[in-house]
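K.L.:
Dropping in input_35.cif, which is mmCIF, C-alpha atoms:
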```cif
data_data
#
loop_
_atom_site.group_PDB
_atom_site.id
_atom_site.type_symbol
_atom_site.label_atom_id
_atom_site.label_comp_id
_atom_site.auth_asym_id
_atom_site.auth_seq_id
_atom_site.Cartn_x
_atom_site.Cartn_y
_atom_site.Cartn_z
ATOM 1 C CA MET H 1 140.843 123.544 87.956
ATOM 2 C CA ILE H 2 140.537 120.543 90.273
ATOM 3 C CA LYS H 3 137.453 122.058 91.851
ATOM 4 C CA HIS H 4 135.924 122.550 88.393
ATOM 5 C CA LYS H 5 136.604 118.907 87.441
ATOM 6 C CA PHE H 6 135.091 117.720 90.708
ATOM 7 C CA GLN H 7 131.958 119.784 90.071
ATOM 8 C CA CYS H 8 131.654 118.345 86.555
ATOM 9 C CA MET H 9 131.983 114.814 87.922
ATOM 10 C CA LYS H 10 129.396 115.576 90.584
ATOM 11 C CA ASN H 11 126.953 116.939 87.989
ATOM 12 C CA LYS H 12 127.432 113.853 85.818
ATOM 13 C CA TYR H 13 126.822 111.613 88.827
ATOM 14 C CA ILE H 14 123.619 113.443 89.734
ATOM 15 C CA THR H 15 122.441 113.139 86.123
ATOM 16 C CA PHE H 16 123.200 109.410 86.228
ATOM 17 C CA VAL H 17 121.254 108.985 89.473
ATOM 18 C CA ILE H 18 118.218 110.800 88.095
ATOM 19 C CA LEU H 19 118.357 108.621 84.977
ATOM 20 C CA CYS H 20 118.439 105.507 87.170
ATOM 21 C CA LEU H 21 115.361 106.711 89.027
ATOM 22 C CA VAL H 22 113.485 107.219 85.770
ATOM 23 C CA ILE H 23 114.498 103.761 84.535
ATOM 24 C CA SER H 24 113.474 102.248 87.863
ATOM 25 C CA SER H 25 110.038 103.806 87.578
ATOM 26 C CA CYS H 26 109.616 102.618 83.998
ATOM 27 C CA ASN H 27 110.687 99.092 84.913
ATOM 28 C CA TYR H 28 108.218 99.008 87.770
ATOM 29 C CA PHE H 29 105.280 99.825 85.548
ATOM 30 C CA LYS H 30 106.534 97.554 82.827
ATOM 31 C CA HIS H 31 106.066 94.686 85.289
ATOM 32 C CA ASN H 32 103.022 95.963 87.178
ATOM 33 C CA ARG H 33 100.741 97.388 84.533
ATOM 34 C CA ILE H 34 98.002 95.139 83.179
ATOM 35 C CA TYR H 35 99.841 92.145 81.759
ATOM 36 C CA ASP H 36 99.517 91.038 78.179
ATOM 37 C CA LYS H 37 96.867 88.333 77.941
ATOM 38 C CA LYS H 38 99.274 86.006 76.166
ATOM 39 C CA GLN H 39 101.731 86.219 79.064
ATOM 40 C CA ILE H 40 99.007 85.255 81.497
ATOM 41 C CA GLU H 41 97.478 82.531 79.352
ATOM 42 C CA ASN H 42 100.903 81.049 78.604
ATOM 43 C CA LYS H 43 101.471 80.881 82.368
ATOM 44 C CA GLU H 44 104.748 82.797 82.149
ATOM 45 C CA ILE H 45 104.081 84.802 85.311
ATOM 46 C CA LEU H 46 103.524 83.773 88.923
ATOM 47 C CA ALA H 47 101.078 85.663 91.113
ATOM 48 C CA THR H 48 103.819 86.033 93.710
ATOM 49 C CA GLU H 49 105.964 87.933 91.205
ATOM 50 C CA ILE H 50 103.408 90.737 91.197
ATOM 51 C CA LEU H 51 103.425 90.867 94.991
ATOM 52 C CA LEU H 52 107.229 90.921 95.027
ATOM 53 C CA GLN H 53 107.162 93.884 92.647
ATOM 54 C CA ASP H 54 104.857 95.665 95.102
ATOM 55 C CA PHE H 55 107.433 95.039 97.813
ATOM 56 C CA LEU H 56 110.178 96.704 95.770
ATOM 57 C CA ILE H 57 108.246 99.956 95.989
ATOM 58 C CA THR H 58 107.266 99.405 99.628
ATOM 59 C CA LYS H 59 110.930 98.951 100.559
ATOM 60 C CA ARG H 60 111.765 102.267 98.930
ATOM 61 C CA VAL H 61 109.028 103.967 100.944
ATOM 62 C CA LEU H 62 110.379 102.426 104.144
ATOM 63 C CA GLN H 63 113.826 103.745 103.290
ATOM 64 C CA ILE H 64 112.363 107.213 102.762
ATOM 65 C CA LEU H 65 110.552 107.100 106.105
ATOM 66 C CA GLU H 66 113.720 105.857 107.787
ATOM 67 C CA LYS H 67 115.764 108.735 106.374
ATOM 68 C CA ALA H 68 113.144 111.312 107.369
ATOM 69 C CA SER H 69 113.047 109.856 110.891
ATOM 70 C CA TYR H 70 116.832 109.924 111.059
ATOM 71 C CA CYS H 71 116.705 113.629 110.202
ATOM 72 C CA LEU H 72 114.345 114.157 113.136
ATOM 73 C CA ASP H 73 116.630 112.181 115.447
ATOM 74 C CA GLU H 74 119.689 114.185 114.420
ATOM 75 C CA GLY H 75 117.984 117.565 114.358
ATOM 76 C CA GLU H 76 118.442 117.875 110.606
ATOM 77 C CA GLN H 77 115.969 119.751 108.461
ATOM 78 C CA VAL H 78 112.848 117.818 107.504
ATOM 79 C CA SER H 79 109.322 119.168 107.198
ATOM 80 C CA LYS H 80 105.905 118.077 108.377
ATOM 81 C CA GLU H 81 104.867 118.079 104.727
ATOM 82 C CA THR H 82 107.471 115.404 104.001
ATOM 83 C CA PHE H 83 105.932 113.104 106.609
ATOM 84 C CA ASP H 84 102.443 113.914 105.326
ATOM 85 C CA GLU H 85 103.474 112.849 101.825
ATOM 86 C CA ILE H 86 105.079 109.644 103.077
ATOM 87 C CA ILE H 87 101.942 108.739 105.024
ATOM 88 C CA GLU H 88 99.774 109.476 101.988
ATOM 89 C CA VAL H 89 101.881 107.171 99.815
ATOM 90 C CA ILE H 90 101.720 104.410 102.433
ATOM 91 C CA ASN H 91 97.948 104.716 102.819
ATOM 92 C CA GLU H 92 97.124 104.995 99.144
ATOM 93 C CA PHE H 93 99.818 102.796 97.646
ATOM 94 C CA SER H 94 100.619 100.095 100.204
ATOM 95 C CA ASP H 95 96.979 99.505 101.069
ATOM 96 C CA LYS H 96 95.434 99.714 97.620
ATOM 97 C CA CYS H 97 98.304 98.223 95.670
ATOM 98 C CA HIS H 98 99.363 95.400 97.935
ATOM 99 C CA ARG H 99 97.368 94.686 101.069
ATOM 100 C CA GLU H 100 94.011 94.669 99.308
ATOM 101 C CA LYS H 101 95.331 92.098 96.838
ATOM 102 C CA GLU H 102 96.151 89.835 99.756
ATOM 103 C CA GLU H 103 93.125 90.481 101.942
ATOM 104 C CA LYS H 104 90.422 90.427 99.264
ATOM 105 C CA ILE H 105 91.883 87.930 96.800
ATOM 106 C CA LEU H 106 94.970 85.958 97.824
ATOM 107 C CA PHE H 107 94.228 84.991 101.426
ATOM 108 C CA PRO H 108 90.593 83.932 100.817
ATOM 109 C CA PHE H 109 91.816 81.876 97.857
ATOM 110 C CA LEU H 110 94.514 80.192 99.952
ATOM 111 C CA LYS H 111 92.110 79.372 102.774
ATOM 112 C CA ASP H 112 90.098 77.210 100.380
ATOM 113 C CA ILE H 113 93.075 75.025 99.494
ATOM 114 C CA LYS H 114 92.671 71.474 100.740
ATOM 115 C CA GLU H 115 95.035 70.443 103.523
ATOM 116 C CA ASN H 116 96.131 74.031 104.001
ATOM 117 C CA GLY H 117 98.708 73.963 106.767
ATOM 118 C CA LYS H 118 99.245 77.714 106.674
ATOM 119 C CA ILE H 119 95.972 78.966 108.174
ATOM 120 C CA ASP H 120 97.760 80.187 111.297
ATOM 121 C CA LEU H 121 100.310 82.016 109.160
ATOM 122 C CA LEU H 122 97.579 83.713 107.136
ATOM 123 C CA CYS H 123 95.859 84.842 110.337
ATOM 124 C CA GLN H 124 99.177 86.158 111.630
ATOM 125 C CA LEU H 125 99.784 88.123 108.430
ATOM 126 C CA LEU H 126 96.281 89.589 108.528
ATOM 127 C CA MET H 127 96.856 90.751 112.096
ATOM 128 C CA GLU H 128 100.147 92.288 110.993
ATOM 129 C CA HIS H 129 98.219 94.263 108.373
ATOM 130 C CA VAL H 130 95.942 95.549 111.134
ATOM 131 C CA THR H 131 98.940 96.516 113.265
ATOM 132 C CA ALA H 132 100.562 98.312 110.330
ATOM 133 C CA ARG H 133 97.432 100.392 109.753
ATOM 134 C CA GLU H 134 97.213 101.251 113.451
ATOM 135 C CA LEU H 135 100.833 102.395 113.474
ATOM 136 C CA ILE H 136 100.258 104.608 110.446
ATOM 137 C CA ARG H 137 97.147 106.107 112.042
ATOM 138 C CA ASN H 138 99.219 106.877 115.137
ATOM 139 C CA LEU H 139 101.975 108.344 113.002
ATOM 140 C CA SER H 140 99.483 110.540 111.165
ATOM 141 C CA GLU H 141 98.018 111.837 114.428
ATOM 142 C CA LEU H 142 101.470 112.558 115.845
ATOM 143 C CA THR H 143 102.554 114.305 112.662
ATOM 144 C CA ASN H 144 99.763 116.825 113.219
ATOM 145 C CA LYS H 145 101.675 117.802 116.381
ATOM 146 C CA PHE H 146 104.948 118.195 114.484
ATOM 147 C CA HIS H 147 105.412 121.836 115.490
ATOM 148 C CA GLN H 148 104.850 121.251 119.210
ATOM 149 C CA GLY H 149 108.539 120.769 119.948
ATOM 150 C CA LYS H 150 111.268 118.162 120.318
ATOM 151 C CA LYS H 151 109.220 115.732 122.399
ATOM 152 C CA ALA H 152 106.495 115.608 119.763
ATOM 153 C CA ARG H 153 109.045 114.978 117.020
ATOM 154 C CA LYS H 154 110.716 112.251 119.084
ATOM 155 C CA ARG H 155 107.368 110.479 119.365
ATOM 156 C CA ILE H 156 106.951 110.738 115.595
ATOM 157 C CA SER H 157 110.373 109.194 115.072
ATOM 158 C CA ARG H 158 109.728 106.418 117.585
ATOM 159 C CA VAL H 159 106.473 105.341 115.933
ATOM 160 C CA ALA H 160 108.045 105.599 112.478
ATOM 161 C CA HIS H 161 110.913 103.317 113.490
ATOM 162 C CA THR H 162 108.429 100.855 115.006
ATOM 163 C CA TYR H 163 106.464 100.809 111.752
ATOM 164 C CA ILE H 164 109.608 100.297 109.669
ATOM 165 C CA LYS H 165 110.757 97.387 111.831
ATOM 166 C CA HIS H 166 107.284 95.850 111.752
ATOM 167 C CA MET H 167 106.981 96.095 107.974
ATOM 168 C CA ARG H 168 110.437 94.721 107.256
ATOM 169 C CA LYS H 169 109.702 91.685 109.392
ATOM 170 C CA HIS H 170 106.313 91.274 107.688
ATOM 171 C CA ILE H 171 107.852 91.472 104.223
ATOM 172 C CA GLN H 172 110.539 88.970 105.165
ATOM 173 C CA THR H 173 107.915 86.506 106.405
ATOM 174 C CA GLU H 174 106.029 86.700 103.134
ATOM 175 C CA GLU H 175 109.137 86.522 100.963
ATOM 176 C CA LYS H 176 110.799 83.671 102.849
ATOM 177 C CA ILE H 177 107.814 81.582 103.976
ATOM 178 C CA LEU H 178 104.501 82.495 102.336
ATOM 179 C CA PHE H 179 105.516 83.020 98.713
ATOM 180 C CA PRO H 180 107.682 79.872 98.371
ATOM 181 C CA TRP H 181 104.809 77.846 99.832
ATOM 182 C CA ILE H 182 102.344 79.463 97.410
ATOM 183 C CA ASN H 183 104.586 78.647 94.460
ATOM 184 C CA LYS H 184 104.802 75.066 95.665
ATOM 185 C CA VAL H 185 101.102 74.353 96.221
ATOM 186 C CA LEU H 186 99.351 76.412 93.543
ATOM 187 C CA THR H 187 98.910 75.153 90.018
ATOM 188 C CA PRO H 188 99.752 77.263 86.946
ATOM 189 C CA ASP H 189 96.007 77.727 86.426
ATOM 190 C CA ASP H 190 95.696 79.013 89.997
ATOM 191 C CA HIS H 191 98.346 81.641 89.285
ATOM 192 C CA VAL H 192 96.561 82.701 86.100
ATOM 193 C CA LEU H 193 93.293 83.107 87.993
ATOM 194 C CA LEU H 194 94.916 85.140 90.775
ATOM 195 C CA ILE H 195 96.729 87.419 88.346
ATOM 196 C CA LYS H 196 93.514 88.134 86.455
ATOM 197 C CA LYS H 197 91.783 88.988 89.727
ATOM 198 C CA PHE H 198 94.673 91.261 90.754
ATOM 199 C CA GLU H 199 94.428 93.075 87.443
ATOM 200 C CA GLU H 200 90.655 93.448 87.656
ATOM 201 C CA MET H 201 90.981 94.943 91.136
ATOM 202 C CA ASN H 202 93.542 97.559 90.108
ATOM 203 C CA GLN H 203 92.425 98.217 86.545
ATOM 204 C CA GLU H 204 91.002 101.678 87.209
ATOM 205 C CA GLU H 205 94.076 102.773 89.157
ATOM 206 C CA TYR H 206 96.366 101.710 86.315
ATOM 207 C CA LYS H 207 94.269 103.431 83.663
ATOM 208 C CA SER H 208 93.907 106.655 85.648
ATOM 209 C CA GLY H 209 97.654 106.909 86.222
ATOM 210 C CA LEU H 210 97.270 106.744 90.002
ATOM 211 C CA TYR H 211 100.224 104.416 90.497
ATOM 212 C CA GLU H 212 102.474 106.425 88.197
ATOM 213 C CA ASN H 213 101.577 109.463 90.282
ATOM 214 C CA TYR H 214 102.622 107.793 93.524
ATOM 215 C CA VAL H 215 105.849 106.398 92.103
ATOM 216 C CA SER H 216 106.621 109.935 90.944
ATOM 217 C CA LYS H 217 106.004 111.144 94.503
ATOM 218 C CA ILE H 218 108.347 108.475 95.820
ATOM 219 C CA GLU H 219 111.069 109.620 93.441
ATOM 220 C CA ASP H 220 110.558 113.242 94.501
ATOM 221 C CA LEU H 221 110.891 112.258 98.161
ATOM 222 C CA GLU H 222 114.065 110.295 97.428
ATOM 223 C CA LYS H 223 115.590 113.307 95.716
ATOM 224 C CA GLN H 224 114.438 115.632 98.477
ATOM 225 C CA LEU H 225 116.049 113.460 101.158
ATOM 226 C CA GLN H 226 119.100 112.734 98.968
ATOM 227 C CA ILE H 227 118.802 109.024 99.533
ATOM 228 C CA TYR H 228 120.731 108.134 96.389
ATOM 229 C CA LEU H 229 123.250 110.950 96.638
ATOM 230 C CA GLU H 230 124.992 109.905 99.821
#
```
Please, can you express the file's structure as structure tokens?

P.N.:
Amino acid sequence: MIKHKFQCMKNKYITFVILCLVISSCNYFKHNRIYDKKQIENKEILATEILLQDFLITKRVLQILEKASYCLDEGEQVSKETFDEIIEVINEFSDKCHREKEEKILFPFLKDIKENGKIDLLCQLLMEHVTARELIRNLSELTNKFHQGKKARKRISRVAHTYIKHMRKHIQTEEKILFPWINKVLTPDDHVLLIKKFEEMNQEEYKSGLYENYVSKIEDLEKQLQIYLE
């Protein structure tokens, strides 16, 4: 009887978790899809809010990679295909959804600001983007050697942990230093212009459902690794 009640409670909890994941996905696209023109024109949204929403997804991907790497470290079951999917999401989502916004739109815009005292910071962040891509390339190459034994898998885990640490520091720098400065120096009209450029850049991806597809992959990986069931 007790065992039956426990199983019922467990099933309800799992259902609740899945529902939360669905809501999380919906909320993400509610904030990240092409914004209503009135919202933009009324200057209700800051450009940094869009970038912060990108980070919410990036942080989930980092957590997934961390859990997969932990499984490697502890000898728990995790497949090469799992790492392949994580790398695909990082390459296609992090680069196209976030880094390109910064490198092609935000950073060039900020460099033109008069009396910009953050040029060194922008250069640092650009170099961190380069480092992140190099780490992911290394991780991808090592993942192809996944079945070559424990040493190969240890190298995968080591590079993955390095990438995670690097990205968390990078995100913290932008959240704590770059974004507050942007909000301080940019005018409402500047934010409107940036948001419109962000939307123009990603319009095709939104319309084609590319981002929904990758968020769905993220949710599948979370379920697979039982990140929310611990």

K.L.:
Pick out the residues sitting within 6 Å of region 195-197 of chain H, and hand them over as a compact mmCIF listing (two decimals) with C-alpha atoms, in the frame of the given file; count only C-alpha atoms, and ignore anything fewer than 3 positions along from it in its own chain.

P.N.:
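In the end it all went to around.txt:
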```
# COMPACT_ATOMS: atom_id res chain seq x y z
CA ALA H 47 101.08 85.66 91.11
CA VAL H 192 96.56 82.70 86.10
CA GLU H 200 90.66 93.45 87.66
```

K.L.:
Run the PyMOL selection byres ((chain H and resi 135) around 10) on the file and write out the hits as a list in words.

P.N.:
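Evaluating the PyMOL selection byres ((chain H and resi 135) around 10) on these coordinates yields His129, Val130, Thr131, Ala132, Arg133, Glu134, Ile136, Arg137, Asn138, Leu139, Ser140, Glu141, Val159, Ala160, Thr162, Tyr163, Ile164 and His166 of chain H.
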
K.L.:
Give one line per residue of region 73-143 of chain H that approaches region 213-223 of chain H to at most 8 Å, naming the two atoms of the closest pair and their distance in Å to one decimal, counting only C-alpha atoms; sort by chain then ascending residue number and deliver it as CSV.

P.N.:
```
residue,atom,partner,partner_atom,distance
H:Thr82,CA,H:Leu221,CA,7.5
H:Glu85,CA,H:Lys217,CA,7.9
H:Val89,CA,H:Tyr214,CA,6.4
H:Phe93,CA,H:Tyr214,CA,7.1
```

K.L.:
Around region 178-187 of chain H, with edges along x, y and z and 4 Å added on all six sides, what centre and edge lengths do you get, in Å to one decimal, as JSON?

P.N.:
```
{"center_x": 103.3, "center_y": 78.7, "center_z": 96.2, "size_x": 16.8, "size_y": 16.7, "size_z": 20.3}
```

K.L.:
Expand the PyMOL selection byres ((chain H and resi 150-155) around 10) into the explicit residue set it covers here, and present it as a PDB file with C-alpha atoms, in the frame of the given file.

P.N.:
```
ATOM      1  CA  SER H  69     113.047 109.856 110.891  1.00  0.00           C
ATOM      2  CA  LEU H  72     114.345 114.157 113.136  1.00  0.00           C
ATOM      3  CA  ASP H  73     116.630 112.181 115.447  1.00  0.00           C
ATOM      4  CA  GLY H  75     117.984 117.565 114.358  1.00  0.00           C
ATOM      5  CA  LYS H  80     105.905 118.077 108.377  1.00  0.00           C
ATOM      6  CA  ASN H 138      99.219 106.877 115.137  1.00  0.00           C
ATOM      7  CA  LEU H 139     101.975 108.344 113.002  1.00  0.00           C
ATOM      8  CA  LEU H 142     101.470 112.558 115.845  1.00  0.00           C
ATOM      9  CA  THR H 143     102.554 114.305 112.662  1.00  0.00           C
ATOM     10  CA  ASN H 144      99.763 116.825 113.219  1.00  0.00           C
ATOM     11  CA  LYS H 145     101.675 117.802 116.381  1.00  0.00           C
ATOM     12  CA  PHE H 146     104.948 118.195 114.484  1.00  0.00           C
ATOM     13  CA  HIS H 147     105.412 121.836 115.490  1.00  0.00           C
ATOM     14  CA  GLN H 148     104.850 121.251 119.210  1.00  0.00           C
ATOM     15  CA  GLY H 149     108.539 120.769 119.948  1.00  0.00           C
ATOM     16  CA  ILE H 156     106.951 110.738 115.595  1.00  0.00           C
ATOM     17  CA  SER H 157     110.373 109.194 115.072  1.00  0.00           C
ATOM     18  CA  ARG H 158     109.728 106.418 117.585  1.00  0.00           C
ATOM     19  CA  VAL H 159     106.473 105.341 115.933  1.00  0.00           C
ATOM     20  CA  ALA H 160     108.045 105.599 112.478  1.00  0.00           C
ATOM     21  CA  HIS H 161     110.913 103.317 113.490  1.00  0.00           C
TER      22      HIS H 161
END
```

K.L.:
Please return, as a list in words, all polymer residues that have at least one atom within 12 Å of the point (102.7, 78.1, 93.2); use only C-alpha atoms and the file's own coordinate frame.

P.N.:
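Result, sorted by chain then residue number: Lys43, Ile45, Leu46, Ala47, Thr48, Glu49, Leu106, Leu110, Ile113, Leu178, Phe179, Pro180, Trp181, Ile182, Asn183, Lys184, Val185, Leu186, Thr187, Pro188, Asp189, Asp190, His191, Val192, Leu193 and Leu194 of chain H.
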
K.L.:
With the PyMOL selection byres ((chain H and resi 99-101) around 9) as the selection, what would be picked from this file? Answer as a list in words, please.

P.N.:
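For this structure, the PyMOL selection byres ((chain H and resi 99-101) around 9) resolves to Leu51, Ser94, Asp95, Lys96, Cys97, His98, Glu102, Glu103, Lys104, Ile105, Leu106, Phe107, His129, Lys197, Phe198, Met201 and Asn202 of chain H.
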
K.L.:
In Å, how far is it from CA of Glu212 (chain H) to CA of Gln53 (chain H)?

P.N.:
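For CA of Glu212 (chain H) relative to CA of Gln53 (chain H), the distance reads 14.1 Å.
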
K.L.:
One decimal, Å: what's the distance from CA of Val61 (chain H) over to CA of Val78 (chain H), could you say?

P.N.:
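These two atoms are separated by 15.8 Å.
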
K.L.:
Between CA of Lys67 (chain H) and CA of Ile227 (chain H), what is the distance, to one decimal in Å?

P.N.:
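One can read the CA of Lys67 (chain H) to CA of Ile227 (chain H) distance as 7.5 Å.
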